[in-house]
Each structure stands twice: as C-alpha cells, then as structure tokens.
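What follows is the content of data.txt (compact mmCIF, C-alpha atoms).
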```
# COMPACT_ATOMS: atom_id res chain seq x y z
CA MET A 70 -2.67 3.68 -9.46
CA ASN A 71 -0.41 6.50 -10.65
CA TYR A 72 -2.13 8.83 -8.20
CA LEU A 73 -1.59 6.42 -5.30
CA PHE A 74 2.10 6.22 -6.20
CA HIS A 75 2.16 10.01 -6.25
CA LEU A 76 0.67 10.12 -2.74
CA ASP A 77 3.25 7.62 -1.55
CA ASN A 78 6.09 9.65 -3.05
CA ILE A 79 5.06 13.01 -1.66
CA SER A 80 4.27 11.60 1.80
CA ASP A 81 7.77 10.13 2.16
CA GLY A 82 9.78 12.53 4.28
CA MET A 83 6.79 14.63 5.32
CA MET A 84 6.52 15.92 8.87
CA THR A 85 3.43 15.05 10.89
CA ARG A 86 1.65 18.34 10.24
CA GLU A 87 2.20 17.99 6.50
CA THR A 88 0.67 14.50 6.40
CA ASP A 89 -2.38 15.88 8.22
CA VAL A 90 -2.78 18.55 5.54
CA LEU A 91 -2.36 16.01 2.73
CA SER A 92 -4.94 13.69 4.28
CA ASN A 93 -7.46 16.49 4.76
CA VAL A 94 -7.28 17.82 1.22
CA VAL A 95 -7.49 14.40 -0.43
CA MET A 96 -10.31 13.05 1.72
CA ASN A 97 -12.19 16.34 1.29
CA ALA A 98 -12.13 15.72 -2.47
CA LEU A 99 -13.45 12.18 -2.05
CA TRP A 100 -16.29 13.18 0.26
CA PHE A 101 -17.27 16.27 -1.77
CA SER A 102 -16.53 15.21 -5.31
CA ASP A 103 -18.58 17.89 -7.08
CA ARG A 104 -17.03 20.97 -5.44
CA TYR A 105 -14.32 22.15 -3.06
CA MET A 106 -15.64 22.52 0.50
CA PRO A 107 -12.71 23.73 2.64
CA THR A 108 -12.74 22.61 6.25
CA LYS A 109 -13.21 25.41 8.79
CA ARG A 110 -12.70 23.33 11.95
CA ALA A 111 -10.10 24.79 14.31
CA GLY A 112 -6.73 23.16 13.77
CA ASN A 113 -7.79 21.71 10.40
CA GLU A 114 -8.55 24.85 8.44
CA GLN A 115 -8.02 24.49 4.70
CA PRO A 116 -7.01 27.30 2.34
CA ALA A 117 -9.52 29.08 0.14
CA GLU A 118 -7.67 27.78 -2.93
CA GLU A 119 -7.66 23.98 -3.13
CA LEU A 120 -4.20 22.38 -3.03
CA ASN A 121 -3.02 20.36 -6.03
CA PRO A 122 -3.29 16.89 -4.41
CA GLY A 123 -6.94 17.66 -3.73
CA LYS A 124 -7.54 18.83 -7.29
CA LEU A 125 -6.02 15.62 -8.63
CA ALA A 126 -8.10 13.49 -6.27
CA ARG A 127 -11.31 15.29 -7.19
CA ASP A 128 -10.59 14.94 -10.91
CA PHE A 129 -10.11 11.17 -10.87
CA TRP A 130 -12.75 10.46 -8.22
CA ALA A 131 -15.49 12.43 -9.98
CA ARG A 132 -14.92 10.22 -13.02
CA CYS A 133 -14.48 7.02 -11.02
CA ILE A 134 -17.77 7.21 -9.11
CA VAL A 135 -19.76 7.25 -12.34
CA ASP A 136 -19.00 3.53 -12.73
CA ALA A 137 -18.03 2.45 -9.19
CA GLY A 138 -20.65 0.66 -7.12
CA PRO A 139 -21.58 1.93 -3.65
CA GLY A 140 -19.56 -0.78 -1.91
CA VAL A 141 -16.49 0.03 -3.99
CA GLN A 142 -16.81 3.75 -3.25
CA SER A 143 -17.22 3.15 0.48
CA ARG A 144 -14.32 0.70 0.72
CA PHE A 145 -11.99 2.93 -1.29
CA LYS A 146 -12.58 5.89 1.02
CA GLU A 147 -12.26 3.72 4.12
CA THR A 148 -9.01 2.07 3.06
CA LEU A 149 -7.50 5.37 1.90
CA GLU A 150 -8.24 6.78 5.35
CA PHE A 151 -6.37 3.80 6.80
CA PHE A 152 -3.43 4.73 4.57
CA PHE A 153 -3.39 8.33 5.77
CA GLU A 154 -3.70 7.31 9.42
CA ALA A 155 -0.72 4.99 8.98
CA ILE A 156 1.52 7.51 7.20
CA ASN A 157 0.71 9.96 9.99
CA ILE A 158 1.94 7.38 12.53
CA GLN A 159 5.02 6.85 10.37
CA ALA A 160 5.65 10.61 10.19
CA LYS A 161 5.40 10.96 13.98
CA ALA A 162 7.95 8.19 14.41
CA ARG A 163 10.23 9.83 11.84
CA ASP A 164 9.92 13.18 13.63
CA ALA A 165 10.87 11.50 16.92
CA GLY A 166 13.68 9.41 15.45
CA GLU A 167 11.83 6.24 16.50
CA VAL A 168 12.30 2.86 14.82
CA PHE A 169 9.30 0.56 15.37
CA ASP A 170 9.71 -2.92 16.79
CA LEU A 171 8.73 -5.72 14.44
CA GLU A 172 5.17 -6.22 15.70
CA ARG A 173 4.36 -2.52 15.56
CA TYR A 174 6.00 -2.18 12.17
CA ILE A 175 3.95 -4.99 10.63
CA ASP A 176 0.74 -3.45 11.95
CA VAL A 177 1.51 -0.02 10.49
CA ARG A 178 3.20 -1.21 7.29
CA ARG A 179 0.15 -3.14 6.14
CA ASP A 180 -1.52 0.26 5.69
CA THR A 181 1.43 2.46 4.65
CA SER A 182 1.89 0.05 1.74
CA GLY A 183 -1.23 1.56 0.14
CA CYS A 184 -2.28 -1.90 -1.04
CA LYS A 185 -5.74 -1.96 0.50
CA PRO A 186 -7.16 0.80 -1.75
CA CYS A 187 -5.63 -1.08 -4.70
CA TRP A 188 -7.61 -4.20 -3.85
CA VAL A 189 -10.76 -2.10 -4.09
CA LEU A 190 -9.64 -0.93 -7.51
CA ILE A 191 -9.55 -4.57 -8.62
CA GLU A 192 -13.32 -4.56 -8.18
CA TYR A 193 -13.60 -1.28 -10.05
CA ALA A 194 -11.46 -2.51 -12.94
CA LEU A 195 -13.56 -5.68 -13.22
CA ASP A 196 -16.85 -3.75 -12.98
CA ILE A 197 -17.98 -5.73 -9.93
CA ASP A 198 -19.15 -4.73 -6.46
CA LEU A 199 -18.65 -7.56 -3.98
CA PRO A 200 -21.40 -7.96 -1.37
CA ASP A 201 -20.42 -7.03 2.17
CA PHE A 202 -20.91 -10.61 3.38
CA VAL A 203 -18.22 -11.68 0.91
CA VAL A 204 -15.78 -8.87 1.68
CA GLU A 205 -16.11 -9.54 5.41
CA HIS A 206 -15.66 -13.32 5.14
CA PRO A 207 -12.52 -14.58 6.97
CA THR A 208 -11.18 -16.36 3.88
CA ILE A 209 -11.42 -13.21 1.75
CA HIS A 210 -9.79 -11.25 4.56
CA ALA A 211 -6.98 -13.81 4.63
CA LEU A 212 -6.44 -13.66 0.85
CA ASP A 213 -6.36 -9.86 0.99
CA ARG A 214 -3.81 -10.02 3.81
CA TRP A 215 -1.59 -12.62 2.12
CA THR A 216 -1.49 -10.49 -1.03
CA ASN A 217 -0.80 -7.33 0.92
CA ASP A 218 2.01 -9.03 2.84
CA LEU A 219 3.66 -10.46 -0.27
CA VAL A 220 3.62 -7.14 -2.10
CA THR A 221 4.74 -5.26 1.01
CA TRP A 222 7.48 -7.53 2.29
CA SER A 223 8.95 -8.03 -1.17
CA ASN A 224 8.86 -4.26 -1.59
CA ASP A 225 10.94 -3.92 1.57
CA ILE A 226 13.61 -6.00 -0.15
CA PHE A 227 13.38 -4.13 -3.45
CA SER A 228 13.32 -0.65 -1.89
CA TYR A 229 15.91 -1.24 0.85
CA ASN A 230 18.89 0.04 -1.12
CA VAL A 231 17.30 3.35 -2.07
CA GLU A 232 15.84 3.80 1.42
CA GLN A 233 19.09 3.04 3.27
CA SER A 234 20.88 5.58 1.11
CA ARG A 235 18.61 8.33 2.43
CA GLY A 236 18.41 7.05 6.02
CA ASP A 237 14.80 5.81 5.88
CA THR A 238 14.12 3.26 8.65
CA HIS A 239 10.53 2.26 7.74
CA ASN A 240 11.63 -1.11 6.40
CA MET A 241 11.55 -4.61 7.92
CA ILE A 242 15.17 -5.23 6.99
CA VAL A 243 16.30 -2.28 9.10
CA ILE A 244 14.24 -3.51 12.06
CA LEU A 245 15.58 -7.06 11.84
CA MET A 246 19.15 -5.76 11.91
CA LYS A 247 18.51 -3.25 14.69
CA TYR A 248 16.44 -5.34 17.11
CA HIS A 249 17.12 -8.95 16.12
CA GLY A 250 20.86 -8.89 15.53
CA LYS A 251 20.73 -10.04 11.92
CA THR A 252 23.25 -9.16 9.26
CA LEU A 253 21.96 -7.48 6.13
CA GLN A 254 21.95 -10.75 4.18
CA GLU A 255 20.30 -12.64 7.05
CA ALA A 256 17.59 -9.97 7.25
CA VAL A 257 16.98 -10.15 3.49
CA ASN A 258 16.77 -13.94 3.68
CA TYR A 259 14.29 -13.71 6.56
CA VAL A 260 12.01 -11.38 4.61
CA GLY A 261 12.37 -13.61 1.56
CA ASP A 262 11.21 -16.59 3.62
CA LEU A 263 8.19 -14.56 4.76
CA CYS A 264 7.34 -13.88 1.12
CA LYS A 265 7.48 -17.61 0.38
CA LYS A 266 5.13 -18.31 3.30
CA THR A 267 2.65 -15.68 2.11
CA ILE A 268 2.38 -17.39 -1.28
CA GLU A 269 1.87 -20.75 0.41
CA GLY A 270 -0.81 -19.22 2.63
CA PHE A 271 -2.57 -17.65 -0.35
CA VAL A 272 -2.67 -20.95 -2.24
CA GLU A 273 -3.94 -22.81 0.82
CA ASP A 274 -6.71 -20.32 1.61
CA ARG A 275 -7.76 -19.99 -2.02
CA ALA A 276 -8.51 -23.70 -1.97
CA GLN A 277 -10.82 -23.11 1.02
CA LEU A 278 -13.08 -20.53 -0.61
CA PRO A 279 -16.74 -21.19 0.19
CA SER A 280 -19.55 -20.99 -2.35
CA TRP A 281 -22.15 -18.22 -2.35
CA GLY A 282 -23.98 -19.33 -5.47
CA PRO A 283 -23.02 -19.11 -9.19
CA GLU A 284 -23.40 -15.34 -9.62
CA VAL A 285 -21.39 -14.35 -6.54
CA ASP A 286 -18.85 -17.14 -7.03
CA GLU A 287 -18.05 -15.82 -10.51
CA MET A 288 -17.35 -12.35 -9.08
CA VAL A 289 -15.24 -13.82 -6.28
CA GLN A 290 -13.21 -15.92 -8.73
CA ARG A 291 -12.43 -12.86 -10.82
CA TYR A 292 -11.52 -10.82 -7.74
CA VAL A 293 -9.18 -13.51 -6.39
CA ASP A 294 -7.61 -13.82 -9.84
CA GLY A 295 -6.99 -10.08 -9.58
CA LEU A 296 -5.19 -10.56 -6.25
CA GLN A 297 -3.09 -13.30 -7.81
CA ASP A 298 -2.25 -11.05 -10.76
CA TRP A 299 -1.13 -8.39 -8.27
CA ILE A 300 1.26 -10.87 -6.63
CA VAL A 301 2.87 -11.82 -9.93
CA GLY A 302 2.62 -8.39 -11.53
CA SER A 303 4.20 -6.52 -8.62
CA LEU A 304 7.25 -8.80 -8.76
CA HIS A 305 7.76 -8.32 -12.51
CA TRP A 306 7.10 -4.58 -12.28
CA SER A 307 9.63 -4.10 -9.47
CA PHE A 308 12.47 -5.20 -11.74
CA LYS A 309 11.21 -3.34 -14.82
CA THR A 310 10.66 0.03 -13.18
CA HIS A 311 13.65 2.29 -12.51
CA ARG A 312 12.23 3.06 -9.06
CA TYR A 313 14.42 0.60 -7.14
CA PHE A 314 17.32 -0.56 -9.30
CA GLY A 315 17.64 2.17 -11.91
CA THR A 316 18.52 0.65 -15.25
CA GLU A 317 19.97 -2.48 -13.60
CA GLY A 318 16.70 -4.27 -12.88
CA LYS A 319 17.32 -7.18 -15.23
CA VAL A 320 20.87 -7.60 -13.95
CA VAL A 321 19.67 -7.65 -10.35
CA LYS A 322 16.94 -10.15 -11.23
CA ASP A 323 19.44 -12.44 -12.97
CA THR A 324 22.29 -12.21 -10.45
CA ARG A 325 20.38 -11.38 -7.24
CA ILE A 326 23.23 -9.05 -6.35
CA VAL A 327 22.60 -5.43 -5.30
CA HIS A 328 25.44 -2.96 -4.87
CA LEU A 329 24.63 -0.61 -1.99
CA LEU A 330 24.30 3.06 -2.79
CA PRO A 331 26.30 5.58 -0.73
CA ARG A 332 24.45 7.39 2.00
CA GLU A 333 23.10 10.75 0.95
CA PRO A 334 24.49 13.71 2.91
CA THR A 335 22.19 15.10 5.58
CA ASP A 336 21.60 18.81 6.17
```

Rewritten as structure tokens:
Amino acid sequence: MNYLFHLDNISDGMMTRETDVLSNVVMNALWFSDRYMPTKRAGNEQPAEELNPGKLARDFWARCIVDAGPGVQSRFKETLEFFFEAINIQAKARDAGEVFDLERYIDVRRDTSGCKPCWVLIEYALDIDLPDFVVEHPTIHALDRWTNDLVTWSNDIFSYNVEQSRGDTHNMIVILMKYHGKTLQEAVNYVGDLCKKTIEGFVEDRAQLPSWGPEVDEMVQRYVDGLQDWIVGSLHWSFKTHRYFGTEGKVVKDTRIVHLLPREPTD
C-alpha cells in the first residue's frame, strides 16, 4: 500500500515521457522478479542501472509472490498496468492543458485511483485466491466498481483543496464547475450524492451474491468484507492523515468546513 501511494505521489505532475519510464521500470520488476532485465526495444530503452522505483517494486514483489496465488499475481500485474495506462492518459492531458469531460474523466479516474490493484491485495492479505469464474461474475464486478467509485469520488472531495492550490484539474469537482456550471459547493454536493448512491448500490448488490458452494462462498464473503472495510477505512483514514487537511482533519470532519488554500505560484 505504501508503495502504491509512492507511485501515485511521484506520478503526479509527471510529463508523458516520464510516466512511460516509470511504467516500464516497475512492470519490468514485476515480470522479472529475480533479476533486472533492462528493455532494449527502440524508444523504450532502459538504463544499465535499475531506477529506484524498479528496485522498490522488485523488492516487495519478490517477497509477495512467495505467498500470492497465481490468480492474485496475474490480477495484480494486470490492474497495475491499467493504472499506468491511465496515468499516461492523464499526463498527456496535463501536457496539452486539457480538462476531460465528465464521461471521459470517470473512465480514466477509475484506474488513476489505483484502487484496482488494492482489491487484489485484499485477496493476498486474506491468503485466498478467488477462482476466475468468481472474479469475472457481474455481481463481483459491480461490488468492485461500487467500492472503487466510493473511494475515488470521496477522494475527489478530500483532495480538492490541495489540488486546486497547485492547479491540478484531474478532479470531478473541477469538471462539474467547468462544464456543468456548478458552484464549488454545488459540485461538492453532487459528488457527495454520488458517494451516497455508491454505498446504496454496494448494499443492494451484496444482497444479490450467488452461491458457489461452501468453500468458495467463504472466500467470497471474506473478500467482500474486505471491500466493505476499504469503504469505511478510507473515509476514516482521509481525516486522520495529514495528506488532505494537515492537522485539521478532526476539525474538518466535525464542522464540514474547509478553508481554501491559496494558489501556489507557477514558474
């Protein structure tokens, strides 16, 4: 988790070429966990000395795969690739000064959130490896999506103040104000209503889970509990960390008032 946060932090503000380099070094470490195998392909050449993000990835992944099942390993690599593809799209938009429309933003944001690899880590933490027929079931897909959306849209509210201070536009609140004529408070309320609907959707779909037999059902129950814990835990964590509200998290949680930070000077 700490490493995924690190990737998120260092990718913010990167130019397109830099996100390509970051993706290549990290995915190289995941595909070749026992040694550094620099890419020689034209346009994607990697240095003889492995970059630090790759070293970190190789260190944790070499230890992770000892206990991770084959499905977990495959899904983690796949979803992390989705993350890198999305931050590359985000970087291209940032380079071009483009602000996505709402539909495009939602599509990209569900992967730039970095949540999908975290759902795989739920399996790893619980020492389970869900069968493919479970992972691919529409109800499991829906529960994954509801959880992703709740964590992501609430994060857009929590992170808005810091992001607006540095001119970051990859946030639903910015898009609602720019393209839908909403005031700041109206945009926040709109995103808050979306969060409420995601919780309602999660509860409704959880009640529709099919049965795959006692052994699989027990794994599914634990996995879905993990998704639910993520929903609740991410909300509590967002006020306790200094990432969004500094030392004022409890005050913001109690009063629901955020004082906007001044815009940072641009070069």

>> Using all atoms listed in the file, which protein or nucleic acid residues come within 10 Å of Ala117 in chain A? Drop anything in the same chain fewer than 6 positions from it, and give the result as a VMD selection string.
In response: chain A and resid 105 to 108

>> Residues near Glu150 in chain A, anyone? I mean within 12 Å using all atoms listed in the file, not counting same-chain ones fewer than 5 positions away, as a list in words.
In response: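 Within the cut-off, the hits are Thr88, Asp89, Leu91, Ser92, Asn93, Val94, Val95, Met96, Asn97, Leu99, Trp100, Ser143, Arg144, Phe145, Ala155, Ile156, Asn157, Asp180, Thr181, Gly183, Lys185 and Pro186 of chain A.
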
>> Report, in Å to a single decimal, how far apart CA of Asp218 in chain A and CA of Thr267 in chain A are.
In response: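 Atom-to-atom, CA of Thr267 in chain A and CA of Asp218 in chain A are spaced 6.7 Å apart.
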
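Between CA of Ala211 in chain A and CA of Asn224 in chain A the separation is 19.5 Å.
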
> Skipping near chain neighbours, those fewer than 3 positions away, what residues fall within 9 Å of Val285 in chain A using all atoms listed in the file, listed as a ChimeraX atom specification?
Replying inline: /A:199-200,203,280-282,288-290

> Excluding same-chain residues fewer than 3 positions from Ile191 in chain A, what lies within 7 Å of it counting all atoms listed in the file, as a VMD selection string?
Replying inline: chain A and resid 187 to 188 194 to 195 292 295

>> Report, in Å with one decimal, the straight-line distance from CA of Asn121 in chain A to CA of Leu149 in chain A.
In response: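 Value for the CA of Asn121 in chain A-CA of Leu149 in chain A distance: 17.5 Å.
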
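Of the listed residues A:Arg163, A:Arg332, A:Arg104, A:His311, the one whose atoms come nearest to Gly123 in chain A is A:Arg104, with distances taken using all atoms listed in the file.
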
>> Just checking: using all atoms listed in the file, which residue out of A:Arg110, A:Lys161, A:Lys309, A:Arg325 ends up closest to Gln254 in chain A?
In response: A:Arg325

> What lies within 6 Å of range 136-140 of chain A using all atoms listed in the file, ignoring chain neighbours under 3 positions off, as an MDAnalysis selection string?
Replying inline: chainID A and resid 133 143 193 198

Output of the above residues as a PDB file, keeping the file's coordinate frame, restricted to C-alpha atoms:
```pdb
ATOM      1  CA  CYS A 133     -14.480   7.020 -11.020  1.00  0.00           C
ATOM      2  CA  SER A 143     -17.220   3.150   0.480  1.00  0.00           C
ATOM      3  CA  TYR A 193     -13.600  -1.280 -10.050  1.00  0.00           C
ATOM      4  CA  ASP A 198     -19.150  -4.730  -6.460  1.00  0.00           C
TER       5      ASP A 198
END
```

> Of the candidates A:Lys319, A:Arg275, A:Lys109, A:Arg132, which shows the shortest atom-to-atom distance to Leu212 in chain A, using all atoms listed in the file?
Replying inline: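 Distance minimum relative to Leu212 in chain A lands on A:Arg275.
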
>> Ranking A:Phe74, A:Trp222, A:Trp130, A:Phe151 by minimum distance to Lys266 in chain A and counting all atoms listed in the file, which one comes first?
In response: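 Among A:Phe74, A:Trp222, A:Trp130, A:Phe151, it is A:Trp222 that comes nearest to Lys266 in chain A.
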
Report, as lines of an AutoDock Vina configuration file, the axis-aligned box around all atoms of range 295-311 of chain A present in the file, extended by 6 Å on each side; give centre and edge lengths in Å to one decimal place.
```
center_x = 3.3
center_y = -5.5
center_z = -10.5
size_x = 32.6
size_y = 27.6
size_z = 20.6
```

>> Taking (8.2, -10.3, -3.2) in the coordinates of the supplied file, I want to know which residues reach to within 10 Å of it, counting all atoms listed in the file; could you give the answer as a ChimeraX atom specification?
In response: /A:216,218-227,260-265,267-268,300-301,303-305,307
